[in-house]
>>> print(open('protein-v3.cif').read())   # mmCIF, C-alpha atoms
data_final
loop_
_atom_site.label_atom_id
_atom_site.label_comp_id
_atom_site.auth_asym_id
_atom_site.auth_seq_id
_atom_site.Cartn_x
_atom_site.Cartn_y
_atom_site.Cartn_z
CA MET A 327 120.06 95.65 104.37
CA ARG A 328 122.14 94.18 107.12
CA GLY A 329 121.85 90.71 108.59
CA ARG A 330 120.20 87.64 107.15
CA LYS A 331 117.61 88.27 104.55
CA LYS A 332 114.17 86.73 104.60
CA LYS A 333 113.16 84.42 101.83
CA LYS A 334 111.61 86.47 99.09
CA ARG A 335 108.33 85.34 97.62
CA THR A 336 108.46 84.75 93.93
CA ASP A 337 104.78 85.39 93.14
CA HIS A 338 103.54 88.27 91.02
CA LYS A 339 103.06 90.56 94.02
CA SER A 340 106.76 91.26 94.46
CA GLU A 341 106.99 92.22 90.80
CA SER A 342 103.97 94.53 91.01
CA ALA A 343 105.52 96.55 93.82
CA GLU A 344 107.88 98.05 91.27
CA LEU A 345 104.89 99.48 89.39
CA LEU A 346 103.79 101.83 92.16
CA GLU A 347 103.71 105.40 90.95
CA GLN A 348 103.84 108.96 92.19
CA ASP A 349 103.13 112.24 90.46
CA GLU A 350 102.64 115.90 91.34
CA ASN A 351 99.19 115.15 92.79
CA PHE A 352 99.58 111.74 94.42
CA TYR A 353 101.99 110.71 97.18
CA SER A 354 101.26 107.14 96.10
CA ILE A 355 99.12 105.93 93.18
CA ALA A 356 97.36 102.65 93.98
CA GLY A 357 95.89 102.22 90.50
CA HIS A 358 93.74 103.74 87.78
CA THR A 359 90.04 103.73 87.06
CA ASP A 360 88.65 102.26 83.85
CA GLY A 361 88.68 105.82 82.52
CA GLY A 362 92.42 106.08 83.15
CA PHE A 363 92.22 108.39 86.15
CA PRO A 364 94.64 107.66 89.04
CA TYR A 365 93.52 107.03 92.61
CA GLY A 366 95.41 106.57 95.85
CA PHE A 367 96.92 108.63 98.67
CA THR A 368 97.25 112.24 97.51
CA SER A 369 100.22 114.46 98.31
CA GLU A 370 97.85 116.93 99.93
CA GLU A 371 96.41 114.25 102.23
CA TYR A 372 99.91 113.13 103.17
CA GLU A 373 101.13 116.65 103.98
CA THR A 374 97.93 117.40 105.92
CA GLU A 375 98.41 114.32 108.09
CA LEU A 376 102.03 115.21 108.77
CA ARG A 377 101.17 118.78 109.76
CA ALA A 378 98.30 117.64 111.96
CA GLU A 379 100.50 115.13 113.73
CA SER A 380 103.24 117.70 114.38
CA ILE A 381 100.71 120.21 115.76
CA LYS A 382 99.22 117.54 118.00
CA VAL A 383 102.60 116.61 119.46
CA ILE A 384 103.66 120.22 120.07
CA ALA A 385 100.28 121.13 121.56
CA ALA A 386 100.62 118.27 124.02
CA GLY A 387 103.90 119.76 125.23
CA GLY A 388 106.04 117.16 123.52
CA GLU A 389 108.94 117.43 121.14
CA PRO A 390 108.39 117.51 117.37
CA MET A 391 108.46 114.08 115.77
CA LYS A 392 111.80 112.74 114.63
CA GLU A 393 112.18 113.06 110.86
CA LEU A 394 113.28 110.03 108.86
CA LYS A 395 114.18 110.57 105.22
CA LEU A 396 113.79 107.44 103.13
CA SER A 397 114.35 106.61 99.50
CA LYS A 398 111.61 104.69 97.70
CA GLN A 399 113.77 101.58 97.93
CA GLN A 400 114.20 101.95 101.70
CA LEU A 401 110.47 102.42 102.21
CA GLN A 402 109.81 99.36 100.07
CA GLU A 403 112.15 97.30 102.26
CA ILE A 404 110.13 98.29 105.32
CA VAL A 405 106.86 97.46 103.56
CA ASP A 406 108.26 94.09 102.46
CA ALA A 407 109.34 93.33 106.03
CA TYR A 408 105.88 94.28 107.29
CA ASP A 409 104.14 92.07 104.75
CA MET A 410 106.40 89.03 105.03
CA TYR A 411 106.34 86.47 107.84
CA VAL A 412 109.04 83.85 108.30
CA GLU A 413 109.09 81.84 111.52
CA GLY A 414 112.21 82.49 113.59
CA ILE A 415 112.98 85.77 111.85
CA GLU A 416 112.43 89.30 113.15
CA SER A 417 112.90 92.61 111.34
CA PHE A 418 114.02 95.87 112.94
CA LEU A 419 114.19 99.43 111.64
CA ASN A 420 117.05 101.75 112.49
CA ILE A 421 115.23 105.09 112.67
CA GLU A 422 118.48 107.03 112.34
CA THR A 423 119.57 105.48 109.05
CA GLY A 424 116.39 103.92 107.65
CA GLU A 425 118.17 100.55 107.48
CA VAL A 426 116.18 97.35 107.96
CA VAL A 427 118.08 94.60 109.76
CA ILE A 428 117.09 90.95 109.97
CA LEU A 429 117.65 88.89 113.12
CA ARG A 430 117.24 85.16 113.64
CA THR A 431 115.58 84.24 116.93
CA PHE A 432 117.06 80.73 117.13
CA ASP A 433 120.06 78.78 115.83
CA ARG A 434 122.07 81.97 115.95
CA ASP A 435 125.67 82.26 114.84
CA ASP A 436 128.24 84.82 115.98
CA GLU A 437 126.95 87.42 113.55
CA ASP A 438 123.42 87.03 114.91
CA GLU A 439 124.62 87.34 118.49
CA GLU A 440 126.55 90.51 117.70
CA LEU A 441 123.57 92.02 115.91
CA SER A 442 121.28 91.03 118.78
CA GLU A 443 123.46 92.92 121.26
CA ILE A 444 123.47 96.02 119.04
CA ILE A 445 119.68 95.94 118.74
CA GLU A 446 119.20 95.35 122.47
CA GLU A 447 121.34 98.38 123.33
CA GLY A 448 119.28 100.63 121.09
CA PHE A 449 115.91 98.88 121.38
CA ASN A 450 112.94 101.31 121.17
CA ASP A 451 115.40 104.17 120.89
CA VAL A 452 117.28 103.53 117.66
CA TYR A 453 116.01 100.08 116.70
CA PHE A 454 112.29 99.35 116.54
CA ARG A 455 110.74 95.98 115.76
CA ILE A 456 108.75 96.16 112.53
CA PRO A 457 105.26 94.73 113.16
CA GLY A 458 103.78 92.10 110.90
CA ARG A 459 100.58 92.33 108.89
CA GLU A 460 97.63 90.79 110.72
CA SER A 461 95.46 88.19 108.96
CA ASN A 462 92.35 90.30 109.55
CA GLU A 463 94.01 93.13 107.61
CA GLY A 464 94.44 90.83 104.65
CA TYR A 465 90.78 89.87 104.80
CA GLU A 466 89.73 93.53 105.01
CA ASP A 467 91.88 94.30 101.96
CA MET A 468 90.19 91.55 99.95
CA MET A 469 86.71 92.67 101.00
CA ASP A 470 87.40 96.35 100.27
CA PHE A 471 88.94 95.48 96.91
CA ALA A 472 86.08 93.21 95.92
CA VAL A 473 83.57 96.05 96.15
CA THR A 474 85.60 98.01 93.58
CA ILE A 475 85.15 95.29 90.95
CA GLU A 476 82.74 96.47 88.25
CA ASP A 477 82.35 93.03 86.68
CA ALA A 478 79.22 91.81 88.51
CA LYS A 479 79.95 88.13 87.84
CA LEU A 480 83.52 88.32 89.15
CA GLN A 481 82.49 90.42 92.13
CA SER A 482 79.78 87.89 93.04
CA ARG A 483 82.33 85.07 92.85
CA LEU A 484 84.76 86.94 95.09
CA MET A 485 82.08 87.75 97.64
CA HIS A 486 81.06 84.09 97.73
CA ILE A 487 84.67 83.12 98.46
CA LEU A 488 84.91 85.73 101.20
CA SER A 489 81.74 84.42 102.86
CA GLY A 490 83.69 81.50 104.32
CA GLY A 491 85.42 78.20 103.73
CA LYS A 492 89.01 77.01 103.58
CA ARG A 493 91.99 78.67 101.91
CA ILE A 494 90.16 81.97 101.35
CA PHE A 495 93.31 83.89 100.44
CA ARG A 496 94.40 81.37 97.81
CA ARG A 497 90.91 80.96 96.33
CA PHE A 498 90.49 84.73 96.15
CA LYS A 499 93.71 85.18 94.17
CA ASP A 500 92.92 82.16 91.98
CA ALA A 501 89.58 83.75 91.09
CA LEU A 502 91.27 87.04 90.25
CA SER A 503 93.88 85.31 88.12
CA SER A 504 91.23 84.89 85.42
CA ASP A 505 91.62 88.64 84.83
CA GLY A 506 95.27 89.67 84.76
CA GLU A 507 94.46 93.38 84.93
CA GLN A 508 92.33 92.97 88.06
CA LEU A 509 94.95 90.75 89.70
CA GLU A 510 97.60 93.39 89.06
CA ARG A 511 95.29 96.07 90.43
CA TYR A 512 94.68 93.96 93.55
CA TYR A 513 98.42 93.65 94.24
CA GLN A 514 98.83 97.40 93.88
CA PHE A 515 95.81 97.99 96.11
CA VAL A 516 97.29 95.82 98.89
CA GLU A 517 100.71 97.40 98.44
CA GLU A 518 99.23 100.86 98.93
CA ARG A 519 97.37 99.72 102.04
CA ASN A 520 100.58 98.32 103.50
CA ARG A 521 102.47 101.53 102.78
CA LYS A 522 99.78 103.43 104.67
CA ARG A 523 100.02 100.98 107.59
CA VAL A 524 103.77 101.38 107.71
CA SER A 525 103.33 105.16 107.71
CA ASP A 526 100.84 104.88 110.59
CA TRP A 527 103.24 102.64 112.52
CA LEU A 528 106.05 105.16 112.12
CA LYS A 529 103.76 107.87 113.49
CA SER A 530 102.94 105.64 116.46
CA ILE A 531 106.66 105.55 117.37
CA GLU A 532 106.86 109.32 116.79
CA VAL A 533 108.76 109.17 113.53
CA LYS A 534 107.83 111.48 110.68
CA LEU A 535 108.36 109.88 107.29
CA ILE A 536 109.81 112.07 104.55
CA LEU A 537 110.00 110.34 101.21
CA GLU A 538 112.83 111.53 98.98
CA GLN A 539 111.72 112.49 95.49
#
>>> encode(input="protein-v3.cif", output="structure tokens")
Amino acid sequence: MRGRKKKKRTDHKSESAELLEQDENFYSIAGHTDGGFPYGFTSEEYETELRAESIKVIAAGGEPMKELKLSKQQLQEIVDAYDMYVEGIESFLNIETGEVVILRTFDRDDEDEELSEIIEEGFNDVYFRIPGRESNEGYEDMMDFAVTIEDAKLQSRLMHILSGGKRIFRRFKDALSSDGEQLERYYQFVEERNRKRVSDWLKSIEVKLILEQ
């Protein structure tokens, strides 16, 4: 990763990202049911979406989408950039190399100025600004996750928190912290959602993601 790096969060979420799985059936496993069965974004669903998108572009008289091969680590860097906000910092993706570069928007030094010129020359052609996760997306993730909780008492507590009040995000995670397994499952659930959002963003800029096995 080129440029200045964002401050990494040290909470459990960053550690849980390493636990994301794939197998012959799932493009990305978000977690497992109480019976031990995996759930997530299947390989078939992923391939179907890619084929449908390519057909749509060609049918509209356009060129096939640009293919971008990424390692799991590279994809994770994009997801981290999407999920992390630091004031005065912007993240850009080089769609030719898969590299994420970090640019300061104020108090720049010579390195920042040089990088800014490179990005400007290739803006929306080679370099694309990585969007940030919206707060409403975070709320939707919490709500959608809460309905998957089988413990009626814990689910009721989470729904009460989501009904309103201050510091909803913090209170929600504090409530989940009473059950380490559910907290871990929540982090994986959000991580999977963010991977899907990054994939959708790449499609919106006509880039076809190919994840190296």
>>> residues_around(input="protein-v3.cif", residues="region 494-498 of chain A", least_positions_apart="5", cutoff="10 Å", atoms="all atoms listed in the file", output="mmCIF file with C-alpha atoms, in the frame of the given file")
data_model
loop_
_atom_site.group_PDB
_atom_site.id
_atom_site.type_symbol
_atom_site.label_atom_id
_atom_site.label_comp_id
_atom_site.auth_asym_id
_atom_site.auth_seq_id
_atom_site.Cartn_x
_atom_site.Cartn_y
_atom_site.Cartn_z
ATOM 1 C CA SER A 461 95.460 88.190 108.960
ATOM 2 C CA GLY A 464 94.440 90.830 104.650
ATOM 3 C CA TYR A 465 90.780 89.870 104.800
ATOM 4 C CA MET A 468 90.190 91.550 99.950
ATOM 5 C CA ALA A 472 86.080 93.210 95.920
ATOM 6 C CA ARG A 483 82.330 85.070 92.850
ATOM 7 C CA LEU A 484 84.760 86.940 95.090
ATOM 8 C CA MET A 485 82.080 87.750 97.640
ATOM 9 C CA HIS A 486 81.060 84.090 97.730
ATOM 10 C CA ILE A 487 84.670 83.120 98.460
ATOM 11 C CA LEU A 488 84.910 85.730 101.200
ATOM 12 C CA SER A 489 81.740 84.420 102.860
ATOM 13 C CA SER A 503 93.880 85.310 88.120
ATOM 14 C CA LEU A 509 94.950 90.750 89.700
#
>>> residues_around(input="protein-v3.cif", residues="Ser442 (chain A)", least_positions_apart="5", cutoff="9 Å", atoms="all atoms listed in the file", output="PyMOL selection string")
chain A and resi 429-430+437+447
>>> closest_residue(input="protein-v3.cif", among="A:Gly424, A:Glu507, A:Phe515, A:Leu537", to="Glu466 (chain A)", atoms="only C-alpha atoms")
A:Phe515
>>> closest_atom_pairs(input="protein-v3.cif", of="region 442-478 of chain A", to="region 520-536 of chain A", cutoff="9 Å", atoms="only C-alpha atoms", output="Markdown table")
| residue | atom | partner | partner_atom | distance |
| --- | --- | --- | --- | --- |
| A:Asn450 | CA | A:Ile531 | CA | 8.5 |
| A:Phe454 | CA | A:Ile531 | CA | 8.4 |
| A:Ile456 | CA | A:Trp527 | CA | 8.5 |
| A:Pro457 | CA | A:Trp527 | CA | 8.2 |
| A:Arg459 | CA | A:Asn520 | CA | 8.1 |
>>> atom_distance(input="protein-v3.cif", atom1="CA of Val405 (chain A)", atom2="CA of Glu517 (chain A)")
8.0 Å
>>> residues_around(input="protein-v3.cif", residues="Tyr365 (chain A)", least_positions_apart="5", cutoff="7 Å", atoms="only C-alpha atoms", output="count of residues only")
4
>>> atom_distance(input="protein-v3.cif", atom1="CA of Phe432 (chain A)", atom2="CA of Ser417 (chain A)")
13.9 Å
>>> atom_distance(input="protein-v3.cif", atom1="CA of Glu403 (chain A)", atom2="CA of Tyr512 (chain A)")
19.8 Å
>>> closest_residue(input="protein-v3.cif", among="A:Ile415, A:Met391, A:Val452, A:Leu401", to="Arg434 (chain A)", atoms="all atoms listed in the file")
A:Ile415
>>> axis_aligned_box(input="protein-v3.cif", around="region 511-528 of chain A", padding_each_side="4 Å", output="JSON")
{"center_x": 100.4, "center_y": 99.4, "center_z": 101.5, "size_x": 19.4, "size_y": 19.5, "size_z": 30.1}
>>> residues_around(input="protein-v3.cif", residues="Thr359 (chain A)", least_positions_apart="6", cutoff="12 Å", atoms="all atoms listed in the file", output="VMD selection string")
chain A and resid 365 to 366 474 to 476 507 to 508 511
>>> resolve_selection(input="protein-v3.cif", expression="the PyMOL selection byres ((chain A and resi 539) around 9)", output="NGL selection string")
:A and (397-398 or 537-538)
>>> closest_residue(input="protein-v3.cif", among="A:Gln481, A:Thr431, A:Ser354, A:Thr423", to="Lys395 (chain A)", atoms="all atoms listed in the file")
A:Thr423
>>> decode(input="protein-v3.cif", residues="region 362-480 of chain A", atoms="C-alpha atoms", output="PDB file, in the first residue's frame")
ATOM      1  CA  GLY A 362     -22.472 -25.992  11.946  1.00  0.00           C
ATOM      2  CA  PHE A 363     -23.671 -25.261   8.424  1.00  0.00           C
ATOM      3  CA  PRO A 364     -21.979 -22.330   6.612  1.00  0.00           C
ATOM      4  CA  TYR A 365     -23.874 -19.374   5.171  1.00  0.00           C
ATOM      5  CA  GLY A 366     -22.813 -16.422   3.070  1.00  0.00           C
ATOM      6  CA  PHE A 367     -22.293 -15.474  -0.578  1.00  0.00           C
ATOM      7  CA  THR A 368     -22.088 -18.647  -2.666  1.00  0.00           C
ATOM      8  CA  SER A 369     -19.674 -19.134  -5.547  1.00  0.00           C
ATOM      9  CA  GLU A 370     -22.640 -19.809  -7.821  1.00  0.00           C
ATOM     10  CA  GLU A 371     -24.299 -16.518  -6.856  1.00  0.00           C
ATOM     11  CA  TYR A 372     -21.036 -14.663  -7.446  1.00  0.00           C
ATOM     12  CA  GLU A 373     -20.462 -16.193 -10.890  1.00  0.00           C
ATOM     13  CA  THR A 374     -24.110 -15.609 -11.858  1.00  0.00           C
ATOM     14  CA  GLU A 375     -23.837 -11.926 -10.992  1.00  0.00           C
ATOM     15  CA  LEU A 376     -20.624 -11.556 -12.964  1.00  0.00           C
ATOM     16  CA  ARG A 377     -22.096 -13.242 -16.040  1.00  0.00           C
ATOM     17  CA  ALA A 378     -25.287 -11.192 -15.830  1.00  0.00           C
ATOM     18  CA  GLU A 379     -23.326  -7.970 -15.567  1.00  0.00           C
ATOM     19  CA  SER A 380     -21.141  -8.825 -18.568  1.00  0.00           C
ATOM     20  CA  ILE A 381     -24.196  -9.725 -20.670  1.00  0.00           C
ATOM     21  CA  LYS A 382     -25.890  -6.485 -19.670  1.00  0.00           C
ATOM     22  CA  VAL A 383     -22.903  -4.381 -20.702  1.00  0.00           C
ATOM     23  CA  ILE A 384     -22.438  -6.144 -24.046  1.00  0.00           C
ATOM     24  CA  ALA A 385     -26.161  -6.017 -24.812  1.00  0.00           C
ATOM     25  CA  ALA A 386     -26.124  -2.277 -24.253  1.00  0.00           C
ATOM     26  CA  GLY A 387     -23.443  -1.946 -26.923  1.00  0.00           C
ATOM     27  CA  GLY A 388     -20.665  -1.286 -24.452  1.00  0.00           C
ATOM     28  CA  GLU A 389     -17.310  -2.903 -23.906  1.00  0.00           C
ATOM     29  CA  PRO A 390     -16.907  -5.850 -21.520  1.00  0.00           C
ATOM     30  CA  MET A 391     -16.059  -4.812 -17.981  1.00  0.00           C
ATOM     31  CA  LYS A 392     -12.413  -4.400 -17.097  1.00  0.00           C
ATOM     32  CA  GLU A 393     -11.142  -7.385 -15.128  1.00  0.00           C
ATOM     33  CA  LEU A 394      -9.252  -6.787 -11.895  1.00  0.00           C
ATOM     34  CA  LYS A 395      -7.535  -9.766 -10.287  1.00  0.00           C
ATOM     35  CA  LEU A 396      -7.042  -9.338  -6.565  1.00  0.00           C
ATOM     36  CA  SER A 397      -5.510 -11.458  -3.854  1.00  0.00           C
ATOM     37  CA  LYS A 398      -7.483 -11.885  -0.635  1.00  0.00           C
ATOM     38  CA  GLN A 399      -5.111  -9.435   1.029  1.00  0.00           C
ATOM     39  CA  GLN A 400      -5.679  -6.800  -1.661  1.00  0.00           C
ATOM     40  CA  LEU A 401      -9.446  -7.165  -1.407  1.00  0.00           C
ATOM     41  CA  GLN A 402      -9.199  -6.858   2.364  1.00  0.00           C
ATOM     42  CA  GLU A 403      -7.264  -3.599   1.991  1.00  0.00           C
ATOM     43  CA  ILE A 404     -10.086  -2.181  -0.130  1.00  0.00           C
ATOM     44  CA  VAL A 405     -12.700  -3.352   2.377  1.00  0.00           C
ATOM     45  CA  ASP A 406     -10.702  -1.819   5.242  1.00  0.00           C
ATOM     46  CA  ALA A 407     -10.463   1.479   3.358  1.00  0.00           C
ATOM     47  CA  TYR A 408     -14.214   1.399   2.716  1.00  0.00           C
ATOM     48  CA  ASP A 409     -15.006   0.720   6.364  1.00  0.00           C
ATOM     49  CA  MET A 410     -12.568   3.178   7.920  1.00  0.00           C
ATOM     50  CA  TYR A 411     -13.040   6.943   8.135  1.00  0.00           C
ATOM     51  CA  VAL A 412     -10.264   9.314   9.170  1.00  0.00           C
ATOM     52  CA  GLU A 413     -10.789  13.044   8.695  1.00  0.00           C
ATOM     53  CA  GLY A 414      -8.383  14.542   6.172  1.00  0.00           C
ATOM     54  CA  ILE A 415      -7.569  11.193   4.578  1.00  0.00           C
ATOM     55  CA  GLU A 416      -8.819   9.808   1.265  1.00  0.00           C
ATOM     56  CA  SER A 417      -8.283   6.356  -0.234  1.00  0.00           C
ATOM     57  CA  PHE A 418      -7.969   5.570  -3.940  1.00  0.00           C
ATOM     58  CA  LEU A 419      -7.881   2.296  -5.851  1.00  0.00           C
ATOM     59  CA  ASN A 420      -5.599   1.768  -8.820  1.00  0.00           C
ATOM     60  CA  ILE A 421      -7.769  -0.488 -10.991  1.00  0.00           C
ATOM     61  CA  GLU A 422      -4.784  -1.604 -13.047  1.00  0.00           C
ATOM     62  CA  THR A 423      -2.735  -2.941 -10.137  1.00  0.00           C
ATOM     63  CA  GLY A 424      -5.269  -3.348  -7.326  1.00  0.00           C
ATOM     64  CA  GLU A 425      -3.142  -1.077  -5.125  1.00  0.00           C
ATOM     65  CA  VAL A 426      -4.821   1.129  -2.528  1.00  0.00           C
ATOM     66  CA  VAL A 427      -3.135   4.494  -2.030  1.00  0.00           C
ATOM     67  CA  ILE A 428      -3.725   6.908   0.826  1.00  0.00           C
ATOM     68  CA  LEU A 429      -3.742  10.674   0.309  1.00  0.00           C
ATOM     69  CA  ARG A 430      -3.852  13.447   2.894  1.00  0.00           C
ATOM     70  CA  THR A 431      -6.171  16.314   1.979  1.00  0.00           C
ATOM     71  CA  PHE A 432      -4.395  18.921   4.129  1.00  0.00           C
ATOM     72  CA  ASP A 433      -0.968  19.576   5.652  1.00  0.00           C
ATOM     73  CA  ARG A 434       0.578  17.825   2.692  1.00  0.00           C
ATOM     74  CA  ASP A 435       4.284  17.232   2.266  1.00  0.00           C
ATOM     75  CA  ASP A 436       6.189  16.725  -0.991  1.00  0.00           C
ATOM     76  CA  GLU A 437       5.257  13.059  -1.136  1.00  0.00           C
ATOM     77  CA  ASP A 438       1.565  13.912  -0.803  1.00  0.00           C
ATOM     78  CA  GLU A 439       1.793  16.543  -3.531  1.00  0.00           C
ATOM     79  CA  GLU A 440       3.501  14.112  -5.901  1.00  0.00           C
ATOM     80  CA  LEU A 441       0.905  11.437  -5.211  1.00  0.00           C
ATOM     81  CA  SER A 442      -1.903  13.964  -5.661  1.00  0.00           C
ATOM     82  CA  GLU A 443      -0.633  14.848  -9.130  1.00  0.00           C
ATOM     83  CA  ILE A 444      -0.421  11.171 -10.110  1.00  0.00           C
ATOM     84  CA  ILE A 445      -3.982  10.550  -8.932  1.00  0.00           C
ATOM     85  CA  GLU A 446      -5.300  13.672 -10.650  1.00  0.00           C
ATOM     86  CA  GLU A 447      -3.794  12.604 -13.979  1.00  0.00           C
ATOM     87  CA  GLY A 448      -5.471   9.211 -13.793  1.00  0.00           C
ATOM     88  CA  PHE A 449      -8.596  10.165 -11.829  1.00  0.00           C
ATOM     89  CA  ASN A 450     -11.669   8.076 -12.800  1.00  0.00           C
ATOM     90  CA  ASP A 451      -9.547   6.297 -15.377  1.00  0.00           C
ATOM     91  CA  VAL A 452      -6.865   4.513 -13.381  1.00  0.00           C
ATOM     92  CA  TYR A 453      -7.459   5.890  -9.886  1.00  0.00           C
ATOM     93  CA  PHE A 454     -10.921   5.800  -8.325  1.00  0.00           C
ATOM     94  CA  ARG A 455     -11.838   7.226  -4.933  1.00  0.00           C
ATOM     95  CA  ILE A 456     -12.975   4.445  -2.606  1.00  0.00           C
ATOM     96  CA  PRO A 457     -16.323   5.435  -1.064  1.00  0.00           C
ATOM     97  CA  GLY A 458     -16.894   5.276   2.668  1.00  0.00           C
ATOM     98  CA  ARG A 459     -19.495   3.237   4.509  1.00  0.00           C
ATOM     99  CA  GLU A 460     -22.617   5.259   5.278  1.00  0.00           C
ATOM    100  CA  SER A 461     -23.973   5.374   8.836  1.00  0.00           C
ATOM    101  CA  ASN A 462     -27.350   4.072   7.657  1.00  0.00           C
ATOM    102  CA  GLU A 463     -25.586   0.976   6.303  1.00  0.00           C
ATOM    103  CA  GLY A 464     -24.174   0.307   9.743  1.00  0.00           C
ATOM    104  CA  TYR A 465     -27.631   0.601  11.273  1.00  0.00           C
ATOM    105  CA  GLU A 466     -29.097  -1.748   8.656  1.00  0.00           C
ATOM    106  CA  ASP A 467     -26.361  -4.275   9.417  1.00  0.00           C
ATOM    107  CA  MET A 468     -27.175  -4.200  13.128  1.00  0.00           C
ATOM    108  CA  MET A 469     -30.911  -4.552  12.492  1.00  0.00           C
ATOM    109  CA  ASP A 470     -30.476  -7.408  10.008  1.00  0.00           C
ATOM    110  CA  PHE A 471     -28.062  -9.185  12.337  1.00  0.00           C
ATOM    111  CA  ALA A 472     -30.311  -8.792  15.360  1.00  0.00           C
ATOM    112  CA  VAL A 473     -33.100 -10.765  13.696  1.00  0.00           C
ATOM    113  CA  THR A 474     -30.723 -13.723  13.300  1.00  0.00           C
ATOM    114  CA  ILE A 475     -30.197 -13.983  17.071  1.00  0.00           C
ATOM    115  CA  GLU A 476     -31.981 -17.058  18.425  1.00  0.00           C
ATOM    116  CA  ASP A 477     -31.580 -16.049  22.064  1.00  0.00           C
ATOM    117  CA  ALA A 478     -34.907 -14.258  22.630  1.00  0.00           C
ATOM    118  CA  LYS A 479     -33.629 -12.278  25.633  1.00  0.00           C
ATOM    119  CA  LEU A 480     -30.540 -11.000  23.807  1.00  0.00           C
TER     120      LEU A 480
END
